[in-house]
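Structure file model_17.cif (mmCIF, C-alpha atoms) is printed below.
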data_run
loop_
_atom_site.label_atom_id
_atom_site.label_comp_id
_atom_site.auth_asym_id
_atom_site.auth_seq_id
_atom_site.Cartn_x
_atom_site.Cartn_y
_atom_site.Cartn_z
CA MET A 1 -35.04 129.26 100.22
CA ASP A 2 -36.12 130.93 96.99
CA SER A 3 -39.47 132.62 97.51
CA ARG A 4 -40.21 133.38 93.87
CA LYS A 5 -43.27 131.67 92.49
CA PRO A 6 -42.47 129.34 89.56
CA PRO A 7 -43.98 130.24 86.20
CA GLU A 8 -47.36 128.72 85.50
CA TYR A 9 -48.68 128.19 81.98
CA THR A 10 -52.34 127.38 81.34
CA LEU A 11 -53.65 125.43 78.36
CA ASP A 12 -57.38 125.09 77.66
CA LEU A 13 -58.82 122.04 75.90
CA SER A 14 -62.33 120.83 75.27
CA ALA A 15 -62.96 117.26 74.21
CA ASP A 16 -65.74 114.76 73.83
CA ARG A 17 -65.58 111.54 75.82
CA SER A 18 -64.17 109.51 72.92
CA ASN A 19 -61.21 111.86 72.33
CA VAL A 20 -60.34 113.25 75.77
CA LYS A 21 -57.70 110.62 76.52
CA ASP A 22 -55.85 111.15 73.23
CA LEU A 23 -55.95 114.95 73.54
CA VAL A 24 -54.64 114.97 77.11
CA LYS A 25 -51.91 112.43 76.34
CA GLY A 26 -50.97 114.37 73.20
CA ILE A 27 -50.50 117.68 74.98
CA LEU A 28 -48.65 116.08 77.92
CA HIS A 29 -46.22 114.39 75.53
CA THR A 30 -45.75 117.69 73.69
CA ILE A 31 -44.74 119.40 76.93
CA PHE A 32 -42.46 116.53 77.95
CA PHE A 33 -40.81 116.55 74.52
CA HIS A 34 -39.71 120.14 75.08
CA ARG A 35 -38.84 119.89 78.79
CA PHE A 36 -37.26 116.44 79.11
CA PHE A 37 -33.53 117.16 79.06
CA THR A 38 -32.15 113.81 77.98
CA ALA A 39 -31.45 112.35 74.58
CA LEU A 40 -34.69 111.15 73.00
CA GLN A 41 -35.51 108.98 70.05
CA PRO A 42 -37.77 111.17 67.88
CA ALA A 43 -41.32 109.87 67.70
CA THR A 44 -44.72 111.27 66.78
CA HIS A 45 -48.33 110.52 67.60
CA ASP A 46 -51.37 111.47 65.51
CA VAL A 47 -54.25 113.04 67.42
CA LEU A 48 -57.29 114.02 65.39
CA ASP A 49 -55.67 115.59 62.29
CA LEU A 50 -52.52 116.78 64.05
CA THR A 51 -49.13 115.14 64.39
CA LEU A 52 -47.61 115.78 67.81
CA PRO A 53 -44.24 114.86 69.33
CA TYR A 54 -44.17 111.76 71.51
CA VAL A 55 -41.72 110.83 74.26
CA SER A 56 -41.11 107.09 74.14
CA GLU A 57 -39.60 106.73 77.62
CA ASP A 58 -41.18 103.93 79.66
CA ASP A 59 -41.42 105.98 82.87
CA ILE A 60 -43.11 108.90 81.15
CA GLU A 61 -45.46 106.71 79.12
CA ALA A 62 -46.55 104.83 82.25
CA LEU A 63 -47.07 108.02 84.27
CA VAL A 64 -49.02 109.74 81.47
CA GLU A 65 -51.19 106.65 80.96
CA GLN A 66 -51.89 106.26 84.69
CA ARG A 67 -52.71 109.93 85.33
CA THR A 68 -54.82 110.20 82.17
CA ASN A 69 -56.88 107.16 83.21
CA THR A 70 -57.33 108.61 86.71
CA PHE A 71 -58.36 111.94 85.18
CA ILE A 72 -60.95 110.30 82.91
CA ARG A 73 -62.41 108.28 85.80
CA GLN A 74 -62.78 111.48 87.82
CA LEU A 75 -64.36 113.31 84.88
CA ASP A 76 -66.82 110.46 84.39
CA SER A 77 -67.76 110.38 88.07
CA LEU A 78 -68.20 114.17 88.16
CA SER A 79 -70.39 114.26 85.08
CA THR A 80 -72.63 111.45 86.37
CA GLN A 81 -72.93 113.05 89.83
CA GLN A 82 -73.68 116.53 88.52
CA SER A 83 -76.36 115.75 85.99
CA PRO A 84 -79.45 113.62 85.76
CA GLN A 85 -79.52 110.88 83.13
CA TYR A 86 -81.75 112.78 80.74
CA GLN A 87 -79.60 115.92 80.65
CA PRO A 88 -75.86 115.34 80.17
CA LYS A 89 -73.68 118.10 81.55
CA ALA A 90 -70.09 118.83 80.60
CA GLY A 91 -67.51 117.79 83.16
CA ARG A 92 -64.47 119.89 83.94
CA GLY A 93 -61.12 118.84 85.20
CA GLN A 94 -57.53 119.91 85.54
CA LEU A 95 -54.13 118.30 85.26
CA VAL A 96 -50.96 119.99 86.47
CA LEU A 97 -47.57 118.90 85.15
CA GLN A 98 -44.79 120.07 87.45
CA PHE A 99 -41.07 120.04 86.81
CA LEU A 100 -38.95 119.93 89.95
CA GLU A 101 -35.40 120.67 90.97
CA LYS A 102 -33.57 118.71 93.64
CA LYS A 103 -31.79 120.97 96.09
CA ARG A 104 -29.58 119.86 98.94
CA ARG A 105 -30.90 121.30 102.19
CA LYS A 106 -28.16 122.49 104.44
CA GLY A 107 -28.17 122.13 108.19
CA TRP A 108 -25.93 123.70 110.76
CA PHE A 109 -23.30 121.00 110.74
CA VAL A 110 -24.43 118.24 108.38
CA ALA A 111 -26.06 118.10 104.98
CA LYS A 112 -29.72 117.17 105.16
CA ALA A 113 -31.88 115.31 102.66
CA ASP A 114 -32.67 116.68 99.22
CA GLU A 115 -35.73 118.85 98.85
CA GLU A 116 -37.65 119.19 95.62
CA THR A 117 -38.86 122.60 94.53
CA VAL A 118 -41.09 123.33 91.58
CA TRP A 119 -39.51 125.40 88.83
CA GLU A 120 -42.34 125.21 86.26
CA ASN A 121 -46.08 124.38 86.23
CA TRP A 122 -48.22 123.48 83.23
CA VAL A 123 -51.95 123.63 83.99
CA ILE A 124 -54.21 121.83 81.53
CA ASP A 125 -57.87 122.75 81.94
CA VAL A 126 -60.17 120.27 80.20
CA THR A 127 -63.88 120.64 79.53
CA LEU A 128 -65.75 117.48 78.57
CA THR A 129 -68.31 118.16 75.85
CA SER A 130 -71.13 116.14 74.37
CA ALA A 131 -73.11 116.48 71.17
CA ARG A 132 -76.82 115.96 70.67
CA SER A 133 -76.68 115.89 66.87
CA GLU A 134 -74.28 115.10 64.04
CA PRO A 135 -73.73 118.78 63.07
CA GLU A 136 -72.98 119.58 66.71
CA ALA A 137 -70.49 116.67 66.84
CA ALA A 138 -68.74 117.99 63.72
CA ARG A 139 -68.58 121.47 65.25
CA ASN A 140 -67.16 120.04 68.48
CA ARG A 141 -64.50 118.11 66.52
CA ARG A 142 -63.40 121.27 64.70
CA GLN A 143 -63.24 123.08 68.06
CA MET A 144 -61.15 120.26 69.58
CA GLU A 145 -58.71 120.35 66.65
CA LYS A 146 -58.43 124.12 66.85
CA GLN A 147 -57.83 124.12 70.61
CA LEU A 148 -55.30 121.27 70.43
CA GLN A 149 -53.36 123.04 67.68
CA SER A 150 -53.48 126.29 69.62
CA ALA A 151 -52.27 124.56 72.81
CA ALA A 152 -49.41 122.81 70.98
CA MET A 153 -48.32 126.09 69.38
CA LYS A 154 -48.54 127.84 72.77
CA VAL A 155 -46.24 125.17 74.27
CA ILE A 156 -43.71 125.72 71.48
CA GLU A 157 -43.92 129.50 71.84
CA ILE A 158 -43.44 129.35 75.62
CA VAL A 159 -40.53 126.90 75.63
CA ASN A 160 -38.72 128.94 73.00
CA ARG A 161 -39.36 132.24 74.80
CA ASP A 162 -39.15 131.43 78.51
CA ARG A 163 -35.83 129.80 79.37
CA ASN A 164 -34.31 131.94 82.10
CA HIS A 165 -36.12 130.16 84.93
CA ILE A 166 -34.75 126.70 84.05
CA PRO A 167 -32.28 125.69 86.76
CA PRO A 168 -28.75 124.62 85.84
CA ILE A 169 -28.15 120.92 85.38
CA THR A 170 -25.95 119.89 88.28
CA THR A 171 -26.17 116.10 88.14
CA ASN A 172 -25.09 113.26 85.89
CA GLU A 173 -28.40 111.45 86.29
CA SER A 174 -30.21 110.47 83.10
CA ASN A 175 -33.02 112.93 83.91
CA PRO A 176 -31.78 115.92 85.92
CA PHE A 177 -35.27 117.19 86.81
CA PRO A 178 -37.97 115.07 88.44
CA TYR A 179 -41.56 115.64 87.37
CA GLN A 180 -45.06 114.87 88.57
CA ILE A 181 -48.58 115.05 87.21
CA LEU A 182 -51.35 116.11 89.59
CA VAL A 183 -54.98 115.28 88.77
CA ASN A 184 -57.54 117.86 89.88
CA PRO A 185 -55.17 119.22 92.53
CA LYS A 186 -57.70 121.58 94.11
CA ASN A 187 -59.82 118.55 95.01
CA ASP A 188 -56.97 116.72 96.76
CA GLY A 189 -56.97 118.64 100.04
CA TRP A 190 -57.98 117.37 103.45
CA SER A 191 -61.18 119.44 103.38
CA GLN A 192 -62.36 117.66 100.24
CA LYS A 193 -61.57 114.25 101.74
CA MET A 194 -63.51 115.10 104.89
CA GLY A 195 -66.43 116.48 102.91
CA ILE A 196 -66.24 119.97 104.40
CA PHE A 197 -66.34 121.80 101.07
#
Using C-alpha coordinates, write down the structure from this file.
Amino acid sequence: MDSRKPPEYTLDLSADRSNVKDLVKGILHTIFFHRFFTALQPATHDVLDLTLPYVSEDDIEALVEQRTNTFIRQLDSLSTQQSPQYQPKAGRGQLVLQFLEKKRRKGWFVAKADEETVWENWVIDVTLTSARSEPEAARNRRQMEKQLQSAAMKVIEIVNRDRNHIPPITTNESNPFPYQILVNPKNDGWSQKMGIF
(Lines of atoms letter the chains of each structure in order from A and count residues from 1; the text may use other names and numbers.)
(Lines give C-alpha, C1' and ligand atoms only; values in the text may rest on other atoms or scores of the structure.)
Protein backbone atom coordinates (compact mmCIF):
# COMPACT_ATOMS: atom_id res chain seq x y z
CA MET A 1 0.00 0.00 0.00
CA ASP A 2 1.24 3.48 -0.86
CA SER A 3 1.90 5.41 2.34
CA ARG A 4 2.35 8.83 0.77
CA LYS A 5 -0.18 11.40 1.83
CA PRO A 6 -2.23 12.75 -1.11
CA PRO A 7 -1.86 16.44 -1.90
CA GLU A 8 -4.30 18.71 -0.14
CA TYR A 9 -5.24 22.14 -1.47
CA THR A 10 -7.08 24.67 0.69
CA LEU A 11 -9.37 27.40 -0.63
CA ASP A 12 -10.79 30.11 1.66
CA LEU A 13 -14.15 31.75 0.98
CA SER A 14 -16.33 34.10 2.95
CA ALA A 15 -19.94 34.62 1.99
CA ASP A 16 -23.15 36.09 3.29
CA ARG A 17 -26.15 33.83 3.73
CA SER A 18 -27.74 34.85 0.42
CA ASN A 19 -24.65 33.99 -1.67
CA VAL A 20 -23.01 31.07 0.15
CA LYS A 21 -24.75 28.39 -1.93
CA ASP A 22 -23.76 29.96 -5.26
CA LEU A 23 -20.15 30.50 -4.18
CA VAL A 24 -19.70 26.95 -2.91
CA LYS A 25 -21.35 25.42 -5.98
CA GLY A 26 -19.27 27.67 -8.24
CA ILE A 27 -15.94 26.65 -6.76
CA LEU A 28 -16.89 22.95 -6.64
CA HIS A 29 -17.86 23.02 -10.32
CA THR A 30 -14.59 24.82 -11.13
CA ILE A 31 -12.61 22.02 -9.48
CA PHE A 32 -14.68 19.31 -11.16
CA PHE A 33 -14.24 21.00 -14.54
CA HIS A 34 -10.48 20.60 -14.25
CA ARG A 35 -10.41 17.14 -12.62
CA PHE A 36 -13.26 15.28 -14.34
CA PHE A 37 -11.49 13.23 -17.01
CA THR A 38 -14.32 12.60 -19.43
CA ALA A 39 -15.57 14.55 -22.41
CA LEU A 40 -17.67 17.48 -21.23
CA GLN A 41 -20.04 19.85 -22.94
CA PRO A 42 -18.63 23.31 -22.14
CA ALA A 43 -20.90 25.32 -19.87
CA THR A 44 -20.55 28.34 -17.61
CA HIS A 45 -22.30 29.72 -14.56
CA ASP A 46 -22.30 33.35 -13.39
CA VAL A 47 -21.59 33.88 -9.70
CA LEU A 48 -21.56 37.47 -8.49
CA ASP A 49 -19.64 39.21 -11.31
CA LEU A 50 -17.56 36.19 -12.31
CA THR A 51 -18.15 33.58 -14.99
CA LEU A 52 -17.04 30.13 -13.83
CA PRO A 53 -16.93 26.75 -15.60
CA TYR A 54 -19.84 24.42 -14.94
CA VAL A 55 -19.98 20.64 -15.25
CA SER A 56 -23.40 19.65 -16.58
CA GLU A 57 -23.25 15.96 -15.61
CA ASP A 58 -26.35 14.78 -13.75
CA ASP A 59 -24.41 12.83 -11.11
CA ILE A 60 -22.12 15.74 -10.29
CA GLU A 61 -24.93 18.30 -10.29
CA ALA A 62 -26.99 16.15 -7.91
CA LEU A 63 -24.06 15.51 -5.56
CA VAL A 64 -23.02 19.18 -5.50
CA GLU A 65 -26.61 20.28 -4.86
CA GLN A 66 -27.13 17.72 -2.08
CA ARG A 67 -23.83 18.43 -0.28
CA THR A 68 -24.24 22.19 -0.62
CA ASN A 69 -27.72 22.03 0.92
CA THR A 70 -26.41 19.86 3.77
CA PHE A 71 -23.54 22.31 4.30
CA ILE A 72 -25.89 25.31 4.45
CA ARG A 73 -28.20 23.54 6.93
CA GLN A 74 -25.21 22.80 9.16
CA LEU A 75 -23.96 26.40 8.88
CA ASP A 76 -27.41 27.69 9.81
CA SER A 77 -27.69 25.38 12.80
CA LEU A 78 -24.19 26.30 14.00
CA SER A 79 -24.78 30.03 13.73
CA THR A 80 -28.10 29.82 15.61
CA GLN A 81 -26.60 27.62 18.34
CA GLN A 82 -23.50 29.75 18.83
CA SER A 83 -25.06 33.17 19.09
CA PRO A 84 -27.99 34.79 20.80
CA GLN A 85 -30.67 36.35 18.60
CA TYR A 86 -29.54 39.90 19.18
CA GLN A 87 -25.91 39.30 18.20
CA PRO A 88 -25.40 37.33 14.97
CA LYS A 89 -22.10 35.48 14.79
CA ALA A 90 -20.39 34.21 11.67
CA GLY A 91 -20.61 30.48 11.12
CA ARG A 92 -17.70 28.46 9.79
CA GLY A 93 -17.72 25.27 7.85
CA GLN A 94 -15.66 23.07 5.61
CA LEU A 95 -16.23 20.94 2.54
CA VAL A 96 -13.68 18.43 1.29
CA LEU A 97 -13.77 17.22 -2.30
CA GLN A 98 -11.81 14.00 -2.69
CA PHE A 99 -10.78 12.26 -5.88
CA LEU A 100 -10.23 8.53 -5.51
CA GLU A 101 -8.48 5.76 -7.38
CA LYS A 102 -9.78 2.21 -7.49
CA LYS A 103 -7.07 -0.33 -6.80
CA ARG A 104 -7.45 -4.09 -6.90
CA ARG A 105 -6.40 -5.54 -3.56
CA LYS A 106 -4.44 -8.70 -3.94
CA GLY A 107 -4.72 -11.68 -1.66
CA TRP A 108 -2.54 -14.72 -1.38
CA PHE A 109 -4.36 -16.80 -3.94
CA VAL A 110 -7.36 -14.81 -5.17
CA ALA A 111 -8.03 -11.22 -6.12
CA LYS A 112 -9.96 -9.36 -3.46
CA ALA A 113 -12.41 -6.48 -3.81
CA ASP A 114 -11.38 -3.07 -5.10
CA GLU A 115 -10.19 -0.53 -2.57
CA GLU A 116 -10.47 3.20 -3.09
CA THR A 117 -7.56 5.42 -2.14
CA VAL A 118 -7.56 9.20 -2.16
CA TRP A 119 -5.16 10.79 -4.64
CA GLU A 120 -6.20 14.44 -4.17
CA ASN A 121 -8.07 16.54 -1.57
CA TRP A 122 -9.60 19.98 -2.05
CA VAL A 123 -10.52 21.66 1.26
CA ILE A 124 -12.93 24.57 1.01
CA ASP A 125 -13.10 26.62 4.21
CA VAL A 126 -16.16 28.87 4.31
CA THR A 127 -16.89 31.68 6.74
CA LEU A 128 -20.46 32.94 6.86
CA THR A 129 -20.59 36.72 7.21
CA SER A 130 -23.37 39.17 7.96
CA ALA A 131 -23.66 42.90 7.50
CA ARG A 132 -25.23 45.41 9.85
CA SER A 133 -25.32 48.27 7.35
CA GLU A 134 -25.44 48.88 3.60
CA PRO A 135 -21.77 50.02 3.37
CA GLU A 136 -20.73 46.89 5.27
CA ALA A 137 -22.80 44.74 2.87
CA ALA A 138 -21.08 46.38 -0.12
CA ARG A 139 -17.67 45.76 1.46
CA ASN A 140 -18.58 42.12 2.12
CA ARG A 141 -19.70 41.68 -1.52
CA ARG A 142 -16.38 43.05 -2.80
CA GLN A 143 -14.55 40.69 -0.43
CA MET A 144 -16.63 37.72 -1.64
CA GLU A 145 -15.88 38.55 -5.28
CA LYS A 146 -12.19 38.96 -4.55
CA GLN A 147 -11.96 35.67 -2.64
CA LEU A 148 -13.96 33.75 -5.26
CA GLN A 149 -11.75 35.07 -8.06
CA SER A 150 -8.64 34.26 -6.05
CA ALA A 151 -9.90 30.73 -5.33
CA ALA A 152 -10.78 30.10 -8.99
CA MET A 153 -7.35 31.32 -10.11
CA LYS A 154 -5.69 29.16 -7.44
CA VAL A 155 -7.55 26.10 -8.79
CA ILE A 156 -6.34 26.87 -12.32
CA GLU A 157 -2.78 27.44 -11.12
CA ILE A 158 -2.73 24.18 -9.14
CA VAL A 159 -4.24 21.96 -11.84
CA ASN A 160 -1.80 23.32 -14.40
CA ARG A 161 1.21 22.94 -12.08
CA ASP A 162 0.55 19.76 -10.09
CA ARG A 163 -0.04 16.80 -12.38
CA ASN A 164 2.48 14.18 -11.34
CA HIS A 165 0.30 12.71 -8.60
CA ILE A 166 -2.63 11.91 -10.92
CA PRO A 167 -2.84 8.13 -11.27
CA PRO A 168 -2.86 6.54 -14.72
CA ILE A 169 -6.25 5.82 -16.25
CA THR A 170 -6.55 2.04 -16.30
CA THR A 171 -10.24 1.56 -17.04
CA ASN A 172 -12.69 2.11 -19.87
CA GLU A 173 -15.37 3.43 -17.53
CA SER A 174 -16.87 6.81 -18.39
CA ASN A 175 -15.32 8.33 -15.25
CA PRO A 176 -12.07 6.61 -14.27
CA PHE A 177 -11.84 8.25 -10.84
CA PRO A 178 -14.62 8.18 -8.24
CA TYR A 179 -15.13 11.27 -6.10
CA GLN A 180 -16.85 12.28 -2.90
CA ILE A 181 -17.71 15.48 -1.08
CA LEU A 182 -17.46 15.48 2.71
CA VAL A 183 -19.31 18.14 4.73
CA ASN A 184 -17.56 19.31 7.90
CA PRO A 185 -15.54 16.08 8.08
CA LYS A 186 -13.98 16.82 11.47
CA ASN A 187 -17.48 16.80 12.97
CA ASP A 188 -18.37 13.39 11.55
CA GLY A 189 -16.49 11.20 14.02
CA TRP A 190 -17.94 8.91 16.65
CA SER A 191 -16.88 11.28 19.43
CA GLN A 192 -18.98 14.08 17.97
CA LYS A 193 -21.99 11.79 17.59
CA MET A 194 -21.68 10.66 21.20
CA GLY A 195 -21.24 14.22 22.44
CA ILE A 196 -17.81 13.62 23.98
CA PHE A 197 -16.15 16.61 22.36
Determine the residue set returned by the PyMOL selection byres ((chain A and resi 69) around 12) for the present structure, and present it as a short mmCIF file (atom, residue, chain, number, x, y, z; two decimals) with C-alpha atoms, in the frame of the given file.
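This went into result.cif:
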data_model
loop_
_atom_site.label_atom_id
_atom_site.label_comp_id
_atom_site.auth_asym_id
_atom_site.auth_seq_id
_atom_site.Cartn_x
_atom_site.Cartn_y
_atom_site.Cartn_z
CA VAL A 20 -60.34 113.25 75.77
CA LYS A 21 -57.70 110.62 76.52
CA ASP A 22 -55.85 111.15 73.23
CA VAL A 24 -54.64 114.97 77.11
CA LYS A 25 -51.91 112.43 76.34
CA ALA A 62 -46.55 104.83 82.25
CA LEU A 63 -47.07 108.02 84.27
CA VAL A 64 -49.02 109.74 81.47
CA GLU A 65 -51.19 106.65 80.96
CA GLN A 66 -51.89 106.26 84.69
CA ARG A 67 -52.71 109.93 85.33
CA THR A 68 -54.82 110.20 82.17
CA THR A 70 -57.33 108.61 86.71
CA PHE A 71 -58.36 111.94 85.18
CA ILE A 72 -60.95 110.30 82.91
CA ARG A 73 -62.41 108.28 85.80
CA GLN A 74 -62.78 111.48 87.82
CA LEU A 75 -64.36 113.31 84.88
CA ASP A 76 -66.82 110.46 84.39
CA LEU A 95 -54.13 118.30 85.26
CA VAL A 183 -54.98 115.28 88.77
#
Report the distance between atom CA of Ile31 of chain A and atom CA of Val155 of chain A in Å, rounded to one decimal place.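 Taking atom CA of Ile31 of chain A as the start and atom CA of Val155 of chain A as the end point, the length is 6.5 Å.
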Could you check which residues have any atom within 12 Å of (-58.8, 122.7, 70.0), counting all atoms listed in the file with coordinates taken straight from the file, and then list them as a PyMOL selection string? chain A and resi 11-16+19-20+23-24+26-27+47-50+125-127+139-154
Go ahead and write the residues just picked, C-alpha atoms, as a PDB file, keeping the file's coordinate frame.
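After the write, again_18.pdb holds the following:
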ATOM      1  CA  LEU A  11     -53.650 125.430  78.360  1.00  0.00           C
ATOM      2  CA  ASP A  12     -57.380 125.090  77.660  1.00  0.00           C
ATOM      3  CA  LEU A  13     -58.820 122.040  75.900  1.00  0.00           C
ATOM      4  CA  SER A  14     -62.330 120.830  75.270  1.00  0.00           C
ATOM      5  CA  ALA A  15     -62.960 117.260  74.210  1.00  0.00           C
ATOM      6  CA  ASP A  16     -65.740 114.760  73.830  1.00  0.00           C
ATOM      7  CA  ASN A  19     -61.210 111.860  72.330  1.00  0.00           C
ATOM      8  CA  VAL A  20     -60.340 113.250  75.770  1.00  0.00           C
ATOM      9  CA  LEU A  23     -55.950 114.950  73.540  1.00  0.00           C
ATOM     10  CA  VAL A  24     -54.640 114.970  77.110  1.00  0.00           C
ATOM     11  CA  GLY A  26     -50.970 114.370  73.200  1.00  0.00           C
ATOM     12  CA  ILE A  27     -50.500 117.680  74.980  1.00  0.00           C
ATOM     13  CA  VAL A  47     -54.250 113.040  67.420  1.00  0.00           C
ATOM     14  CA  LEU A  48     -57.290 114.020  65.390  1.00  0.00           C
ATOM     15  CA  ASP A  49     -55.670 115.590  62.290  1.00  0.00           C
ATOM     16  CA  LEU A  50     -52.520 116.780  64.050  1.00  0.00           C
ATOM     17  CA  ASP A 125     -57.870 122.750  81.940  1.00  0.00           C
ATOM     18  CA  VAL A 126     -60.170 120.270  80.200  1.00  0.00           C
ATOM     19  CA  THR A 127     -63.880 120.640  79.530  1.00  0.00           C
ATOM     20  CA  ARG A 139     -68.580 121.470  65.250  1.00  0.00           C
ATOM     21  CA  ASN A 140     -67.160 120.040  68.480  1.00  0.00           C
ATOM     22  CA  ARG A 141     -64.500 118.110  66.520  1.00  0.00           C
ATOM     23  CA  ARG A 142     -63.400 121.270  64.700  1.00  0.00           C
ATOM     24  CA  GLN A 143     -63.240 123.080  68.060  1.00  0.00           C
ATOM     25  CA  MET A 144     -61.150 120.260  69.580  1.00  0.00           C
ATOM     26  CA  GLU A 145     -58.710 120.350  66.650  1.00  0.00           C
ATOM     27  CA  LYS A 146     -58.430 124.120  66.850  1.00  0.00           C
ATOM     28  CA  GLN A 147     -57.830 124.120  70.610  1.00  0.00           C
ATOM     29  CA  LEU A 148     -55.300 121.270  70.430  1.00  0.00           C
ATOM     30  CA  GLN A 149     -53.360 123.040  67.680  1.00  0.00           C
ATOM     31  CA  SER A 150     -53.480 126.290  69.620  1.00  0.00           C
ATOM     32  CA  ALA A 151     -52.270 124.560  72.810  1.00  0.00           C
ATOM     33  CA  ALA A 152     -49.410 122.810  70.980  1.00  0.00           C
ATOM     34  CA  MET A 153     -48.320 126.090  69.380  1.00  0.00           C
ATOM     35  CA  LYS A 154     -48.540 127.840  72.770  1.00  0.00           C
TER      36      LYS A 154
END
Do a neighbour search on Lys102 of chain A at 8 Å with only C-alpha atoms, toss out local chain neighbours closer than 3 positions, and write the hits as a list in words.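 Neighbouring residues, sequence-local ones excluded: Asp114, Glu115, Glu116, Thr117, Phe177 and Pro178 of chain A.
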Spatial neighbours of Leu40 of chain A, 10 Å, all atoms listed in the file, chain gap at least 3 places, as a ChimeraX atom specification: /A:33,36-37,43,54-57
Determine the nearest neighbour of Gly91 of chain A from the options A:Ile60, A:Arg17, A:His34, A:Pro135, counting all atoms listed in the file.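 Ranking A:Ile60, A:Arg17, A:His34, A:Pro135 by distance to Gly91 of chain A, first place goes to A:Arg17.
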